[in-house]
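For reference, final16.txt (compact mmCIF, C-alpha atoms):
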# COMPACT_ATOMS: atom_id res chain seq x y z
CA ALA A 28 -33.20 88.10 61.27
CA GLN A 29 -30.04 86.34 60.35
CA SER A 30 -26.93 86.25 62.49
CA VAL A 31 -23.57 84.53 62.52
CA THR A 32 -21.65 83.35 65.55
CA GLN A 33 -18.01 82.44 65.37
CA LEU A 34 -17.40 80.52 68.52
CA ASP A 35 -13.67 81.17 68.88
CA SER A 36 -12.13 84.62 68.68
CA GLN A 37 -8.59 83.23 68.58
CA VAL A 38 -7.24 79.81 67.60
CA PRO A 39 -3.54 79.07 68.09
CA VAL A 40 -2.21 75.97 66.35
CA PHE A 41 1.16 74.48 65.44
CA GLU A 42 2.31 74.22 61.85
CA GLU A 43 1.17 71.04 60.05
CA ALA A 44 -1.56 70.42 62.63
CA PRO A 45 -5.23 70.22 61.61
CA VAL A 46 -7.55 73.10 62.42
CA GLU A 47 -11.29 73.69 62.63
CA LEU A 48 -12.83 77.13 62.84
CA ARG A 49 -16.39 77.02 64.03
CA CYS A 50 -19.34 78.95 62.68
CA ASN A 51 -23.01 78.78 63.57
CA TYR A 52 -25.76 80.77 61.93
CA SER A 53 -29.34 81.51 62.77
CA SER A 54 -31.92 81.80 60.06
CA SER A 55 -35.42 80.47 59.57
CA VAL A 56 -34.99 80.27 55.82
CA SER A 57 -32.45 78.88 53.41
CA VAL A 58 -29.28 80.91 53.23
CA TYR A 59 -26.00 80.98 51.40
CA LEU A 60 -22.85 80.56 53.46
CA PHE A 61 -19.33 81.83 52.98
CA TRP A 62 -15.88 81.86 54.50
CA TYR A 63 -13.53 84.77 53.86
CA VAL A 64 -9.92 85.30 54.90
CA GLN A 65 -8.36 88.66 55.72
CA TYR A 66 -4.61 89.08 55.86
CA PRO A 67 -3.21 92.11 57.74
CA ASN A 68 -3.94 95.42 56.06
CA GLN A 69 -5.82 93.75 53.24
CA GLY A 70 -9.39 93.25 52.11
CA LEU A 71 -11.34 90.01 52.23
CA GLN A 72 -10.64 87.04 50.00
CA LEU A 73 -13.27 84.39 49.36
CA LEU A 74 -12.17 80.94 50.54
CA LEU A 75 -15.32 79.03 49.68
CA LYS A 76 -19.09 79.30 49.47
CA TYR A 77 -22.11 77.07 49.85
CA LEU A 78 -25.07 77.91 47.65
CA SER A 79 -26.68 74.49 47.19
CA GLY A 80 -25.85 70.87 46.44
CA SER A 81 -23.15 68.87 48.18
CA THR A 82 -22.79 69.81 51.83
CA LEU A 83 -19.00 69.42 51.69
CA VAL A 84 -17.49 72.41 49.99
CA LYS A 85 -13.87 72.60 48.91
CA GLY A 86 -12.16 75.96 48.64
CA ILE A 87 -8.82 77.49 47.94
CA ASN A 88 -5.58 76.91 49.84
CA GLY A 89 -6.69 73.42 50.94
CA PHE A 90 -9.63 74.59 53.06
CA GLU A 91 -13.01 72.90 53.13
CA ALA A 92 -16.25 73.40 55.01
CA GLU A 93 -19.28 71.30 55.77
CA PHE A 94 -22.81 72.65 55.78
CA ASN A 95 -24.91 71.05 58.50
CA LYS A 96 -28.51 72.21 58.28
CA SER A 97 -29.72 70.41 61.40
CA GLN A 98 -27.00 72.00 63.53
CA THR A 99 -27.03 75.29 61.59
CA SER A 100 -23.27 75.10 61.32
CA PHE A 101 -20.70 75.73 58.64
CA HIS A 102 -17.33 74.85 60.16
CA LEU A 103 -14.10 75.46 58.25
CA ARG A 104 -11.35 72.85 58.28
CA LYS A 105 -7.86 72.31 57.01
CA PRO A 106 -5.97 69.04 57.58
CA SER A 107 -2.51 70.64 57.80
CA VAL A 108 -1.89 74.35 58.29
CA HIS A 109 1.06 76.47 57.18
CA ILE A 110 2.57 79.56 58.73
CA SER A 111 1.11 81.48 55.79
CA ASP A 112 -2.42 80.59 56.95
CA THR A 113 -2.04 83.03 59.83
CA ALA A 114 -4.85 85.51 59.25
CA GLU A 115 -8.35 86.39 60.38
CA TYR A 116 -11.21 84.28 59.08
CA PHE A 117 -14.78 85.45 58.72
CA CYS A 118 -17.90 83.37 58.30
CA ALA A 119 -20.80 85.07 56.52
CA VAL A 120 -24.39 84.36 55.58
CA SER A 121 -26.45 85.86 52.81
CA ARG A 122 -30.01 85.86 51.70
CA GLY A 123 -30.94 88.38 49.11
CA GLY A 124 -27.58 89.85 48.35
CA ASN A 125 -25.81 91.48 51.27
CA LEU A 126 -23.46 89.56 53.51
CA ILE A 127 -23.80 89.32 57.30
CA PHE A 128 -20.47 88.57 58.91
CA GLY A 129 -19.41 87.04 62.17
CA LYS A 130 -16.88 88.79 64.37
CA GLY A 131 -14.00 86.77 63.02
CA THR A 132 -11.54 84.15 64.25
CA LYS A 133 -7.85 84.95 64.36
CA LEU A 134 -5.85 81.90 63.35
CA SER A 135 -2.28 81.97 64.58
CA VAL A 136 0.00 79.25 63.22
CA LYS A 137 3.17 78.70 65.23
CA PRO A 138 6.32 76.94 64.00
CA GLU B 1 -9.47 90.93 35.60
CA THR B 2 -8.15 94.02 37.34
CA GLY B 3 -9.81 93.44 40.71
CA VAL B 4 -11.44 96.04 42.91
CA THR B 5 -9.44 99.18 43.60
CA GLN B 6 -10.19 101.58 46.43
CA SER B 7 -8.83 105.06 47.02
CA PRO B 8 -7.41 106.55 49.07
CA THR B 9 -5.86 103.80 51.19
CA HIS B 10 -5.69 105.95 54.30
CA LEU B 11 -7.44 109.14 55.28
CA ILE B 12 -7.58 111.35 58.35
CA LYS B 13 -10.52 113.70 58.81
CA THR B 14 -11.79 115.98 61.54
CA ARG B 15 -15.11 115.44 63.29
CA GLY B 16 -17.89 117.23 61.43
CA GLN B 17 -16.19 117.10 58.05
CA GLN B 18 -17.40 115.25 54.99
CA VAL B 19 -15.53 112.48 53.15
CA THR B 20 -15.81 110.70 49.81
CA LEU B 21 -14.33 107.25 49.32
CA ARG B 22 -13.96 105.76 45.87
CA CYS B 23 -14.09 102.29 44.42
CA SER B 24 -13.37 100.99 40.95
CA SER B 25 -14.94 97.61 40.24
CA GLN B 26 -14.22 94.99 37.63
CA SER B 27 -15.82 95.44 34.24
CA GLY B 28 -19.21 93.75 34.15
CA HIS B 29 -19.64 93.80 37.92
CA ASN B 30 -22.95 95.63 38.10
CA THR B 31 -23.53 95.04 41.81
CA VAL B 32 -21.43 96.94 44.35
CA SER B 33 -21.68 96.90 48.12
CA TRP B 34 -20.00 98.91 50.83
CA TYR B 35 -19.08 97.64 54.27
CA GLN B 36 -17.74 99.25 57.44
CA GLN B 37 -15.28 97.23 59.50
CA ALA B 38 -14.54 98.67 62.93
CA LEU B 39 -11.41 97.52 64.72
CA GLY B 40 -11.78 93.97 65.96
CA GLN B 41 -15.16 93.47 64.32
CA GLY B 42 -16.55 91.81 61.25
CA PRO B 43 -17.63 93.97 58.30
CA GLN B 44 -21.08 95.51 58.54
CA PHE B 45 -23.24 96.10 55.48
CA ILE B 46 -23.84 99.77 54.66
CA PHE B 47 -25.66 99.62 51.31
CA GLN B 48 -25.71 97.98 47.91
CA TYR B 49 -26.15 99.34 44.40
CA TYR B 50 -27.30 97.47 41.32
CA ARG B 51 -27.09 99.21 37.97
CA GLU B 52 -26.79 102.62 39.62
CA GLU B 53 -29.81 102.20 41.91
CA GLU B 54 -29.62 101.54 45.65
CA ASN B 55 -31.31 98.20 46.28
CA GLY B 56 -30.43 97.45 49.88
CA ARG B 57 -29.35 99.29 52.98
CA GLY B 58 -28.08 98.27 56.38
CA ASN B 59 -28.58 99.99 59.71
CA PHE B 60 -26.69 103.17 58.87
CA PRO B 61 -28.02 106.76 59.09
CA PRO B 62 -28.79 108.86 55.99
CA ARG B 63 -25.51 110.76 56.33
CA PHE B 64 -24.00 107.66 54.70
CA SER B 65 -24.84 107.88 51.02
CA GLY B 66 -23.53 106.47 47.80
CA LEU B 67 -23.41 106.58 44.06
CA GLN B 68 -22.68 104.03 41.37
CA PHE B 69 -21.60 105.11 37.90
CA PRO B 70 -21.96 103.43 34.47
CA ASN B 71 -18.20 102.80 34.30
CA TYR B 72 -18.42 100.40 37.29
CA SER B 73 -16.99 102.91 39.72
CA SER B 74 -18.77 103.95 42.90
CA GLU B 75 -18.54 106.35 45.82
CA LEU B 76 -19.33 106.29 49.50
CA ASN B 77 -20.02 109.69 51.02
CA VAL B 78 -20.19 110.33 54.73
CA ASN B 79 -21.37 113.69 56.05
CA ALA B 80 -20.92 115.18 59.53
CA LEU B 81 -18.20 112.71 60.48
CA GLU B 82 -18.24 111.31 64.00
CA LEU B 83 -15.41 109.70 65.92
CA ASP B 84 -17.19 106.32 65.69
CA ASP B 85 -16.98 106.50 61.91
CA SER B 86 -13.29 105.60 62.23
CA ALA B 87 -13.03 102.22 60.51
CA LEU B 88 -11.89 100.31 57.46
CA TYR B 89 -14.35 100.82 54.61
CA LEU B 90 -14.57 97.97 52.14
CA CYS B 91 -16.03 97.95 48.68
CA ALA B 92 -17.16 94.67 47.13
CA SER B 93 -18.42 93.99 43.63
CA MET B 94 -20.15 91.07 42.04
CA HIS B 95 -21.02 89.93 38.54
CA GLY B 96 -24.58 88.74 38.17
CA THR B 97 -25.90 86.69 41.07
CA ASP B 98 -23.13 84.17 41.66
CA TYR B 99 -22.38 85.67 45.08
CA GLY B 100 -18.72 85.70 44.18
CA TYR B 101 -18.05 89.07 45.76
CA THR B 102 -14.60 90.52 45.12
CA PHE B 103 -13.41 92.86 47.85
CA GLY B 104 -11.03 95.76 47.60
CA SER B 105 -8.26 96.34 50.12
CA GLY B 106 -10.24 99.07 51.80
CA THR B 107 -9.84 102.66 52.91
CA ARG B 108 -8.75 103.20 56.50
CA LEU B 109 -10.61 106.29 57.76
CA THR B 110 -9.55 107.94 60.99
CA VAL B 111 -11.74 110.69 62.44
CA VAL B 112 -10.07 112.92 65.01
Represent the structure contained in this file as C-alpha cells.
Amino acid sequence: AQSVTQLDSQVPVFEEAPVELRCNYSSSVSVYLFWYVQYPNQGLQLLLKYLSGSTLVKGINGFEAEFNKSQTSFHLRKPSVHISDTAEYFCAVSRGGNLIFGKGTKLSVKP
Amino acid sequence: ETGVTQSPTHLIKTRGQQVTLRCSSQSGHNTVSWYQQALGQGPQFIFQYYREEENGRGNFPPRFSGLQFPNYSSELNVNALELDDSALYLCASMHGTDYGYTFGSGTRLTVV
C-alpha cells in the first residue's frame, strides 16, 4: 500500500526567506508524485508533478521539487517566498490513477 | 478552458438525509474523481469514473455512489448521511492519462 507523510504540519517563515516542505512516500513500486496548493476556501491547484525523467522538477510560482528514489522523498522548495505563498500544501502519490494525499503542511509567510 | 465547476458551494443537511453534489468538468476530460476532505486532513479518494464507468473506489461504504454523464458532468450521491460525512467534497477531472488533474473549488457539506 502506498502512503504519504508530510513531516511538518506547520512551517512559519519570513518573507523572502527560502523554504522547504518535506514529503516522504512509501511504495514498493514506481509511483508518480505531485505537489498541490490549497488557498483558503478553494480547491487544489497543481504546483508540479514528477512522472519520469529528470529528478528536479520545476513548477509554477517559482516552486521546485526533487525526487529522491533512495530516500523515497519529494521535498518542495522555493528560494524566496512571498506573503501570497501563505497556503496549505499537499504532497500526493499516484499509481494507477487516484491520488493519495498527505495530511498537508500549512505554510505561513510573515512580513 | 472553463475549469471544473462544483455546485452547490455550501450545503447543510440533517443526519439520515440524502444529498447530491454536482460537478461540471472541462470538455474532453473523460476521467473524473471525487475526494472527501475532512477538516484538517488531506483529501481522501472516494471513487473515479472513466467514460461513465466506475473504475476505482476508495475505502468508502456503498452509500457513497456516483454517476458520470456524456456531457462531462458528474454527481456524487450520499445516502443516510452521518455526522462524520461533514467535509469538503472535491471533484477533479483529467484529460487522458497525463495526471494533470484539475480540481474544483469544492462543496462544503455540513451534516447536523
Dump as a ChimeraX atom specification the residues of chain B that approach chain A to within 12 Å, counting all atoms listed in the file. /B:3-6,9-10,31-50,55-59,88-108
Which neighbours of stretch 88-98 of chain A fall inside 12 Å, counting all atoms listed in the file, when residues of the same chain fewer than 6 positions from it are skipped, and could you give them as a ChimeraX atom specification? /A:45-64,72-82,104-109,111-112,116,118,120
d(atom CA of B:Arg63, atom CA of B:Ala80) in Å: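 The value is 7.1 Å.
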Nearby residues, (-21.1, 113.2, 57.9) file frame, 12 Å, only C-alpha atoms, as a VMD selection string: chain B and resid 13 to 20 60 to 65 76 to 86 111
Could you work out how far atom CA of A:Thr32 lies from atom CA of B:Gly66, giving the answer in Å with one decimal?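 Spanning atom CA of B:Gly66 to atom CA of A:Thr32 is a straight-line distance of 29.2 Å.
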Could you check how far atom CA of B:Asn30 sits from atom CA of B:Glu54, in Å to one decimal?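 For atom CA of B:Asn30 relative to atom CA of B:Glu54, the distance reads 11.7 Å.
In terms of minimum interatomic distance to B:Thr110, B:Ile12 ranks closest within B:Ile12, B:Pro70, B:Ser7, B:Ser24, counting only C-alpha atoms.
Distances to A:Ser30 were evaluated for A:Thr99, A:Leu83, A:Ser135, A:Thr113 using only C-alpha atoms, and the minimum falls at A:Thr99.
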